[in-house]
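Data from my_file-v9.cif: mmCIF, C-alpha atoms
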```
data_work
#
loop_
_atom_site.label_atom_id
_atom_site.label_comp_id
_atom_site.auth_asym_id
_atom_site.auth_seq_id
_atom_site.Cartn_x
_atom_site.Cartn_y
_atom_site.Cartn_z
CA MET A 8 0.00 0.00 0.00
CA GLU A 9 1.36 3.39 -0.90
CA ALA A 10 1.82 6.19 1.60
CA GLY A 11 -1.32 8.24 2.00
CA THR A 12 -3.39 10.31 4.40
CA PRO A 13 -5.96 7.89 5.84
CA ASP A 14 -8.32 10.46 7.24
CA GLY A 15 -10.77 9.15 4.64
CA PHE A 16 -12.60 12.46 4.20
CA ARG A 17 -12.21 15.73 2.37
CA ARG A 18 -13.65 19.13 3.35
CA LEU A 19 -15.92 20.43 0.65
CA LEU A 20 -16.75 24.15 0.54
CA VAL A 21 -20.34 24.81 -0.56
CA ASP A 22 -22.26 28.05 -0.97
CA ALA A 23 -25.55 29.02 0.70
CA SER A 24 -27.55 26.97 -1.81
CA GLY A 25 -25.40 23.88 -1.29
CA LYS A 26 -23.54 24.18 -4.58
CA PRO A 27 -19.97 22.81 -4.35
CA LYS A 28 -17.23 25.41 -4.70
CA ALA A 29 -13.92 23.70 -3.90
CA ILE A 30 -12.17 21.03 -1.88
CA LEU A 31 -10.29 22.75 0.93
CA LYS A 32 -6.69 21.87 1.60
CA ARG A 33 -5.17 21.64 5.04
CA ASN A 34 -5.22 25.00 6.87
CA GLU A 35 -7.70 26.44 4.34
CA TRP A 36 -10.99 27.74 5.70
CA LYS A 37 -14.10 29.39 4.38
CA ALA A 38 -14.00 33.14 3.80
CA LEU A 39 -17.74 33.94 3.54
CA ALA A 40 -20.17 33.60 6.41
CA THR A 41 -22.82 32.20 4.04
CA ASP A 42 -20.56 29.35 2.91
CA ARG A 43 -20.49 25.99 4.65
CA VAL A 44 -17.94 23.20 4.94
CA VAL A 45 -19.15 19.61 4.70
CA LEU A 46 -17.34 16.30 4.87
CA VAL A 47 -17.31 14.12 1.76
CA PRO A 48 -15.65 10.75 1.21
CA GLY A 49 -11.99 10.95 0.20
CA PRO A 50 -9.97 8.68 -2.10
CA GLU A 51 -10.84 5.00 -2.06
CA GLU A 52 -7.37 4.01 -0.86
CA GLU A 53 -7.78 6.15 2.26
CA ILE A 54 -11.21 4.74 2.98
CA ALA A 55 -9.78 1.24 2.62
CA ILE A 56 -7.11 2.04 5.23
CA VAL A 57 -9.73 3.31 7.69
CA ARG A 58 -11.81 0.16 7.29
CA TRP A 59 -8.69 -1.97 7.59
CA ILE A 60 -7.85 -0.33 10.94
CA PHE A 61 -11.30 -1.12 12.33
CA LYS A 62 -11.24 -4.72 11.10
CA LEU A 63 -7.82 -5.41 12.59
CA PHE A 64 -8.86 -3.97 15.93
CA VAL A 65 -12.08 -5.99 16.28
CA ASN A 66 -10.15 -9.10 15.25
CA GLY A 67 -7.86 -8.76 18.24
CA LYS A 68 -4.99 -6.52 17.18
CA LEU A 69 -3.79 -3.93 19.70
CA GLU A 70 -3.57 -0.26 18.77
CA VAL A 71 0.23 -0.35 18.96
CA GLU A 72 0.35 -3.37 16.63
CA ILE A 73 -1.84 -1.57 14.09
CA ALA A 74 0.39 1.51 14.33
CA ARG A 75 3.48 -0.58 13.64
CA ALA A 76 1.83 -2.25 10.65
CA LEU A 77 0.85 1.12 9.17
CA ASN A 78 4.33 2.57 9.63
CA LYS A 79 5.91 -0.52 8.11
CA ARG A 80 3.75 -0.05 5.03
CA GLY A 81 4.70 3.60 4.72
CA VAL A 82 1.24 4.93 5.57
CA LEU A 83 1.10 8.35 7.28
CA THR A 84 -1.64 9.97 9.33
CA ASP A 85 -3.72 12.82 7.95
CA LEU A 86 -1.11 15.14 9.50
CA ASP A 87 1.68 13.40 7.54
CA GLN A 88 3.08 11.91 10.74
CA PRO A 89 3.97 8.32 11.68
CA TRP A 90 1.26 6.40 13.51
CA THR A 91 1.10 5.98 17.29
CA LYS A 92 -1.26 4.25 19.66
CA ALA A 93 -3.02 7.58 20.24
CA SER A 94 -3.60 8.26 16.52
CA VAL A 95 -5.05 4.78 16.01
CA CYS A 96 -7.36 5.33 18.99
CA SER A 97 -8.47 8.62 17.45
CA VAL A 98 -9.68 6.81 14.33
CA LEU A 99 -11.41 4.06 16.29
CA THR A 100 -13.37 6.51 18.47
CA HIS A 101 -14.22 9.32 16.02
CA GLU A 102 -17.92 9.33 15.20
CA LYS A 103 -17.37 11.06 11.87
CA TYR A 104 -16.69 7.60 10.48
CA ILE A 105 -20.35 6.70 11.07
CA GLY A 106 -21.61 10.03 9.73
CA ASN A 107 -21.93 11.98 12.99
CA ASN A 108 -20.55 15.37 14.02
CA VAL A 109 -19.76 15.85 17.70
CA TRP A 110 -18.91 19.17 19.36
CA ASN A 111 -18.12 20.38 22.86
CA ARG A 112 -15.96 17.41 23.80
CA THR A 113 -13.63 19.87 25.48
CA SER A 114 -13.91 23.44 26.68
CA GLU A 115 -11.46 26.14 27.60
CA ARG A 116 -12.06 29.39 29.46
CA LEU A 117 -9.86 32.44 29.42
CA ASN A 118 -6.66 31.96 31.46
CA SER A 119 -7.55 28.35 32.29
CA ASN A 120 -6.57 24.91 31.04
CA ARG A 121 -8.63 22.95 28.54
CA VAL A 122 -10.86 20.37 30.23
CA ARG A 123 -12.69 17.32 28.95
CA ASN A 124 -16.45 17.61 29.12
CA PRO A 125 -18.58 14.62 30.16
CA PRO A 126 -20.46 12.83 27.33
CA SER A 127 -23.71 14.33 28.63
CA ALA A 128 -22.42 17.78 27.62
CA TRP A 129 -21.49 16.79 24.07
CA VAL A 130 -23.48 18.17 21.18
CA ARG A 131 -24.12 15.58 18.49
CA ALA A 132 -25.59 15.80 14.98
CA GLU A 133 -26.22 12.37 13.51
CA ASN A 134 -26.19 11.22 9.88
CA VAL A 135 -24.81 14.48 8.50
CA SER A 136 -22.18 12.91 6.25
CA THR A 137 -21.55 9.66 4.40
CA PRO A 138 -20.37 6.95 6.83
CA LEU A 139 -17.14 5.15 5.97
CA VAL A 140 -17.73 2.18 8.29
CA SER A 141 -20.94 0.54 9.42
CA ARG A 142 -22.41 1.47 12.78
CA LYS A 143 -22.23 -2.20 13.74
CA LEU A 144 -18.45 -2.29 13.13
CA PHE A 145 -17.93 1.02 14.95
CA GLU A 146 -19.91 -0.14 17.99
CA ARG A 147 -18.11 -3.45 17.98
CA ALA A 148 -14.77 -1.63 18.10
CA GLY A 149 -16.06 0.44 21.03
CA ALA A 150 -17.16 -2.71 22.84
CA VAL A 151 -13.75 -4.31 22.33
CA ALA A 152 -12.02 -1.22 23.72
CA GLN A 153 -14.37 -1.08 26.70
CA ALA A 154 -13.85 -4.76 27.45
CA ARG A 155 -10.11 -4.30 27.45
CA ARG A 156 -10.37 -1.33 29.80
CA SER A 157 -12.76 -3.00 32.23
CA ARG A 158 -10.64 -6.14 32.52
CA ILE A 159 -7.74 -4.20 34.02
CA SER A 160 -7.89 -3.50 37.73
CA ASN A 161 -6.34 -0.48 39.39
CA GLU A 162 -3.80 -2.79 40.97
CA GLN A 163 -2.80 -4.16 37.58
CA LEU A 164 -2.54 -0.66 36.13
CA LEU A 165 -0.16 0.37 38.89
CA ALA A 166 1.85 -2.84 38.54
CA ASP A 167 2.23 -2.11 34.82
CA LEU A 168 3.25 1.46 35.56
CA SER A 169 5.88 0.29 38.05
CA ARG A 170 7.27 -2.16 35.51
CA LEU A 171 7.37 0.54 32.84
CA LEU A 172 9.19 2.87 35.26
CA GLU A 173 11.75 0.17 35.95
CA GLU A 174 12.25 -0.45 32.22
CA ARG A 175 12.46 3.17 31.09
CA GLY A 176 13.80 4.97 34.15
CA CYS A 177 11.19 7.74 33.97
CA LEU A 178 7.55 8.28 33.07
CA SER A 179 5.59 10.67 30.88
CA GLY A 180 2.36 10.67 28.93
CA SER A 181 4.19 10.03 25.66
CA ILE A 182 6.19 7.15 27.16
CA ILE A 183 3.01 5.51 28.47
CA ASN A 184 1.18 5.91 25.15
CA ALA A 185 4.11 4.53 23.18
CA ALA A 186 4.71 1.47 25.37
CA PRO A 187 3.43 -1.68 23.63
CA GLY A 188 1.04 -3.74 25.69
CA TYR A 189 0.36 -1.00 28.26
CA SER A 190 -2.78 1.03 28.91
CA THR A 191 -2.96 4.58 27.59
CA LYS A 192 -2.32 7.80 29.45
CA SER A 193 -6.03 8.61 29.35
CA MET A 194 -6.78 5.35 31.17
CA TYR A 195 -4.56 6.37 34.09
CA ILE A 196 -6.14 9.82 34.19
CA HIS A 197 -9.62 8.26 34.13
CA ARG A 198 -8.82 5.84 36.97
CA PHE A 199 -6.68 8.03 39.23
CA GLY A 200 -7.75 11.58 38.36
CA THR A 201 -4.35 12.80 37.15
CA LEU A 202 -1.12 11.26 35.94
CA GLN A 203 0.67 12.72 38.94
CA ALA A 204 -1.67 10.81 41.25
CA ALA A 205 -0.72 7.58 39.51
CA TYR A 206 2.96 8.55 39.68
CA ASP A 207 2.66 9.14 43.43
CA LEU A 208 1.22 5.66 43.93
CA VAL A 209 4.23 4.02 42.27
CA GLY A 210 6.71 6.31 44.00
CA TYR A 211 7.80 8.33 40.99
CA GLU A 212 8.63 12.01 41.30
CA ALA A 213 8.18 13.41 37.82
CA SER A 214 10.44 16.39 38.44
CA ALA A 215 13.36 14.12 39.32
CA ASN A 216 13.98 12.95 35.76
CA TYR A 217 17.59 11.89 35.41
CA ARG A 218 16.98 9.18 32.85
CA TYR A 219 19.16 10.61 30.12
CA PHE A 220 21.86 12.16 32.26
CA ASN A 221 24.44 9.42 31.61
CA VAL A 222 23.55 9.18 27.94
CA ILE A 223 23.90 12.93 27.40
CA THR A 224 27.26 12.95 29.21
CA GLN A 225 28.43 10.05 27.09
CA LEU A 226 27.34 11.75 23.86
CA HIS A 227 29.12 14.95 24.85
CA ARG A 228 32.38 13.03 25.25
CA ARG A 229 31.83 11.22 21.95
CA ARG A 230 31.32 14.55 20.15
CA LEU A 231 34.60 15.92 21.51
CA GLU A 232 36.41 12.75 20.43
CA ILE A 233 35.04 13.08 16.89
CA ILE A 234 36.06 16.76 16.78
CA GLN A 235 39.59 15.87 17.89
CA ASP A 236 39.79 13.12 15.25
CA LEU A 237 38.63 15.54 12.55
CA VAL A 238 41.18 18.19 13.53
CA ALA A 239 43.93 15.54 13.44
CA ALA A 240 42.77 14.18 10.05
CA ILE A 241 42.78 17.67 8.53
CA GLY A 242 46.31 18.19 9.86
CA LYS A 243 47.49 14.95 8.25
CA ALA A 244 45.96 16.13 4.95
CA GLY A 245 48.10 19.24 5.04
CA GLY A 246 45.43 21.57 6.33
CA LEU A 247 45.10 23.51 9.57
CA ALA A 248 42.16 23.17 11.95
CA ASN A 249 41.54 24.44 15.47
CA TYR A 250 38.60 23.94 17.81
CA ASP A 251 37.47 26.91 19.92
CA SER A 252 35.60 25.59 22.96
CA ARG A 253 34.20 29.05 23.67
CA THR A 254 32.45 29.47 20.32
CA GLN A 255 32.23 25.70 19.79
CA LEU A 256 33.42 26.17 16.22
CA ILE A 257 36.16 24.45 14.23
CA ARG A 258 38.10 26.93 12.11
CA VAL A 259 39.65 25.37 9.01
CA ASN A 260 42.55 26.94 7.12
CA ASP A 261 41.31 30.36 8.28
CA GLU A 262 38.75 30.02 5.47
CA PHE A 263 35.57 28.59 6.97
CA THR A 264 34.12 27.33 10.25
CA ILE A 265 32.29 24.13 11.20
CA ALA A 266 29.68 23.74 13.93
CA MET A 267 29.36 20.11 15.04
CA TRP A 268 26.54 18.69 17.15
CA ILE A 269 25.49 15.23 18.20
CA ALA A 270 21.91 13.94 18.41
CA ARG A 271 20.58 11.18 20.63
CA CYS A 272 18.58 8.56 18.76
CA ARG A 273 15.02 8.26 19.98
CA PRO A 274 13.65 4.84 19.01
CA SER A 275 9.91 4.32 18.75
CA PRO A 276 7.88 1.12 19.26
CA TYR A 277 5.97 2.05 16.11
CA GLY A 278 8.75 0.96 13.76
CA TYR A 279 10.79 4.13 13.23
CA SER A 280 13.38 6.21 15.06
CA HIS A 281 14.21 9.90 15.00
CA CYS A 282 16.64 12.42 16.39
CA PRO A 283 16.28 16.10 17.31
CA PHE A 284 17.95 18.80 15.23
CA HIS A 285 18.15 22.06 17.19
CA ARG A 286 18.36 24.64 14.42
CA ARG A 287 18.77 27.45 16.93
CA ARG A 288 22.34 26.18 17.37
CA LEU A 289 23.22 26.77 13.74
CA THR A 290 26.31 28.94 13.47
CA GLY A 291 29.44 29.03 11.33
CA ASP A 292 29.56 28.15 7.65
CA VAL A 293 29.08 24.39 7.70
CA SER A 294 26.79 22.48 10.05
CA VAL A 295 27.53 18.86 11.01
CA LEU A 296 25.04 16.73 12.91
CA ILE A 297 26.27 13.39 14.22
CA ARG A 298 23.31 11.01 14.17
CA MET A 299 23.51 7.99 16.46
CA LEU A 300 22.04 4.51 16.26
CA PRO A 301 19.53 3.42 18.96
CA ASP A 302 22.34 2.22 21.25
CA ASN A 303 23.61 5.83 21.32
CA LEU A 304 27.14 4.40 21.16
CA THR A 305 27.53 3.87 17.42
CA VAL A 306 27.45 6.65 14.83
CA ARG A 307 24.72 6.15 12.23
CA ASP A 308 25.86 8.86 9.83
CA TYR A 309 26.88 12.49 9.52
CA LEU A 310 24.72 15.29 8.17
CA ILE A 311 27.14 17.73 6.52
CA ALA A 312 25.48 20.77 5.00
CA PRO A 313 25.94 24.51 4.52
CA VAL A 314 24.12 26.40 7.22
CA TRP A 315 21.56 27.84 4.79
CA GLU A 316 20.62 24.29 3.74
CA ALA A 317 20.55 22.97 7.31
CA GLU A 318 18.14 25.74 8.28
CA ARG A 319 15.52 24.03 6.09
CA ALA A 320 15.69 20.79 8.06
CA ALA A 321 12.83 19.61 10.24
CA PRO A 322 13.30 19.92 14.02
CA MET A 323 13.02 16.12 14.27
CA LEU A 324 14.86 14.00 11.69
CA SER A 325 13.86 10.48 10.68
CA PRO A 326 16.01 7.89 8.83
CA ASN A 327 14.64 9.26 5.53
CA ASN A 328 13.97 12.98 5.08
CA GLY A 329 13.55 13.35 1.33
CA VAL A 330 15.98 13.18 -1.57
CA ARG A 331 17.07 16.83 -1.28
CA PHE A 332 18.03 16.62 2.38
CA ASP A 333 19.37 13.05 2.45
CA ALA A 334 21.93 14.08 -0.17
CA PHE A 335 23.84 15.72 2.69
CA LEU A 336 24.19 12.45 4.67
CA PHE A 337 27.61 10.75 4.73
CA GLN A 338 29.12 7.72 6.47
CA SER A 339 32.26 9.61 7.50
CA LEU A 340 33.71 13.10 7.74
CA ASP A 341 36.01 12.49 4.76
CA PRO A 342 34.27 15.18 2.64
CA LEU A 343 35.37 17.82 5.15
CA VAL A 344 38.92 16.46 5.15
CA GLU A 345 39.04 16.63 1.36
CA ILE A 346 37.81 20.22 1.35
CA ALA A 347 40.56 21.16 3.80
CA ARG A 348 43.31 19.17 2.06
CA ARG A 349 46.35 21.16 0.97
CA ALA A 350 48.76 19.72 -1.60
CA PRO A 351 52.45 20.65 -1.32
CA ILE A 352 53.83 22.94 -3.98
CA GLY A 353 56.40 21.10 -6.04
CA THR A 354 59.82 22.53 -6.89
CA GLU A 355 61.58 22.33 -10.22
CA GLY A 356 65.03 20.81 -10.13
#
```

The structure given in the file should be rewritten as structure tokens.
Amino acid sequence: MEAGTPDGFRRLLVDASGKPKAILKRNEWKALATDRVVLVPGPEEEIAIVRWIFKLFVNGKLEVEIARALNKRGVLTDLDQPWTKASVCSVLTHEKYIGNNVWNRTSERLNSNRVRNPPSAWVRAENVSTPLVSRKLFERAGAVAQARRSRISNEQLLADLSRLLEERGCLSGSIINAAPGYSTKSMYIHRFGTLQAAYDLVGYEASANYRYFNVITQLHRRRLEIIQDLVAAIGKAGGLANYDSRTQLIRVNDEFTIAMWIARCRPSPYGYSHCPFHRRRLTGDVSVLIRMLPDNLTVRDYLIAPVWEAERAAPMLSPNNGVRFDAFLFQSLDPLVEIARRAPIGTEG
């Protein structure tokens, strides 16, 4: 299956008489108060993905397993993002797939946090669009989800949370949602009121998060080692390179500067990994990002790009970032050594 946007719907702009005007793209909205926006079925391949998600779930697959399968097949969400347990849950619980519109699920007052409203406060309009799945299949998916939730006791939830804390070293909503075989963050909030209340019961102080301290220290040392190796390699090639710890720049042959950073690999249970790219750190003429493998001990590759090209990069990089950007990925720093190489001037005898 090709990559797509399995929302399954498109937003159709119609005028006051109901005459279609245009299909709206993402972040496009109506301009006239008399116009309306209605949902219409999208491409068949997207609809097929939506139905496939429902069928897998009612046949016993977990949300995390469905997310992995979608990511393996190269399918993206309607926001062009990889799938997670939360995004699969969003599809399985959204009533638009049976033709309903629901409002007022949440509310937010000035200078206050957004809160979830109880189902009794929701405003629902039924049969306002073409359903993509049958009501029977939708309700069956809801029953499966409810059965899974009701089978888990509070004691089991806390035991799972303790085990996850032991495995990961810290806890957060994203960690809980991403953990395969565990209940979702919303389940803990529903049972215990807040995540912090659940944390307290397993003896975890969220503010004391030292999980990545050793890893970050280790990566810092690895970066300095790679910088030292590069400076030495340039020297052997006849060039001159110096590292200024104050500016954190490598000056080469008094001609250009290199800013070198290292990124921790963040593996995901959904079948992909990514690493952060802090563009605010971009300085100098050439930017080098050392990307690590999931063990955070082995270098995956080096992103070597002029600063003006690096500024176009996403803040979170995946293994594949498009042909244009992946052209700057290398398995070593040899390209920089070659740029700095100086050949001796021969003498005539």

So how far away is CA of Asn260 (chain A) from CA of Gly246 (chain A), in Å?
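CA of Gly246 (chain A) sits 6.1 Å away from CA of Asn260 (chain A).
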
On this structure, the PyMOL selection byres ((chain A and resi 127) around 12) would catch which residues? List them as a tab-separated table (two decimals) with C-alpha atoms, in the frame of the given file, sorted by chain and number.
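What landed in result25.tsv:
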```
chain	number	residue	atom	x	y	z
A	109	VAL	CA	-19.76	15.85	17.70
A	110	TRP	CA	-18.91	19.17	19.36
A	111	ASN	CA	-18.12	20.38	22.86
A	112	ARG	CA	-15.96	17.41	23.80
A	113	THR	CA	-13.63	19.87	25.48
A	123	ARG	CA	-12.69	17.32	28.95
A	124	ASN	CA	-16.45	17.61	29.12
A	125	PRO	CA	-18.58	14.62	30.16
A	126	PRO	CA	-20.46	12.83	27.33
A	128	ALA	CA	-22.42	17.78	27.62
A	129	TRP	CA	-21.49	16.79	24.07
A	130	VAL	CA	-23.48	18.17	21.18
A	131	ARG	CA	-24.12	15.58	18.49
```

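For the set A:Val65, A:Val259, A:Ala321, A:Leu202, the residue with the smallest atom-to-atom gap to Ile241 (chain A) is A:Val259, counting only C-alpha atoms.
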
Neighbouring residues of region 334-343 of chain A were defined as those with any atom within 6 Å, considering only C-alpha atoms; residues of the same chain fewer than 6 positions away were excluded. Please report them as an MDAnalysis selection string.
chainID A and resid 308:312

Taking C-alpha atoms for each residue, export the selection above as a PDB file, keeping the file's coordinate frame.
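Writing the result to again_27.pdb gives the following:
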```pdb
ATOM      1  CA  ASP A 308      25.860   8.860   9.830  1.00  0.00           C
ATOM      2  CA  TYR A 309      26.880  12.490   9.520  1.00  0.00           C
ATOM      3  CA  LEU A 310      24.720  15.290   8.170  1.00  0.00           C
ATOM      4  CA  ILE A 311      27.140  17.730   6.520  1.00  0.00           C
ATOM      5  CA  ALA A 312      25.480  20.770   5.000  1.00  0.00           C
TER       6      ALA A 312
END
```

The PyMOL selection byres ((chain A and resi 211) around 12) resolved against shown file, as number ranges by chain
A: 165, 168-173, 176-179, 202-210, 212-217

Atoms kept (C-alpha atoms) for selection, written as a PDB file, keeping the file's coordinate frame:
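Written out: again_13.pdb:
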```pdb
ATOM      1  CA  LEU A 165      -0.160   0.370  38.890  1.00  0.00           C
ATOM      2  CA  LEU A 168       3.250   1.460  35.560  1.00  0.00           C
ATOM      3  CA  SER A 169       5.880   0.290  38.050  1.00  0.00           C
ATOM      4  CA  ARG A 170       7.270  -2.160  35.510  1.00  0.00           C
ATOM      5  CA  LEU A 171       7.370   0.540  32.840  1.00  0.00           C
ATOM      6  CA  LEU A 172       9.190   2.870  35.260  1.00  0.00           C
ATOM      7  CA  GLU A 173      11.750   0.170  35.950  1.00  0.00           C
ATOM      8  CA  GLY A 176      13.800   4.970  34.150  1.00  0.00           C
ATOM      9  CA  CYS A 177      11.190   7.740  33.970  1.00  0.00           C
ATOM     10  CA  LEU A 178       7.550   8.280  33.070  1.00  0.00           C
ATOM     11  CA  SER A 179       5.590  10.670  30.880  1.00  0.00           C
ATOM     12  CA  LEU A 202      -1.120  11.260  35.940  1.00  0.00           C
ATOM     13  CA  GLN A 203       0.670  12.720  38.940  1.00  0.00           C
ATOM     14  CA  ALA A 204      -1.670  10.810  41.250  1.00  0.00           C
ATOM     15  CA  ALA A 205      -0.720   7.580  39.510  1.00  0.00           C
ATOM     16  CA  TYR A 206       2.960   8.550  39.680  1.00  0.00           C
ATOM     17  CA  ASP A 207       2.660   9.140  43.430  1.00  0.00           C
ATOM     18  CA  LEU A 208       1.220   5.660  43.930  1.00  0.00           C
ATOM     19  CA  VAL A 209       4.230   4.020  42.270  1.00  0.00           C
ATOM     20  CA  GLY A 210       6.710   6.310  44.000  1.00  0.00           C
ATOM     21  CA  GLU A 212       8.630  12.010  41.300  1.00  0.00           C
ATOM     22  CA  ALA A 213       8.180  13.410  37.820  1.00  0.00           C
ATOM     23  CA  SER A 214      10.440  16.390  38.440  1.00  0.00           C
ATOM     24  CA  ALA A 215      13.360  14.120  39.320  1.00  0.00           C
ATOM     25  CA  ASN A 216      13.980  12.950  35.760  1.00  0.00           C
ATOM     26  CA  TYR A 217      17.590  11.890  35.410  1.00  0.00           C
TER      27      TYR A 217
END
```

Applied to this file, what does the PyMOL selection byres ((chain A and resi 48-62) around 9) return in terms of residues, put as a VMD selection string?
chain A and resid 8 to 9 11 to 18 46 to 47 63 to 68 70 73 77 82 95 98 to 99 104 136 to 140 144 to 145 148
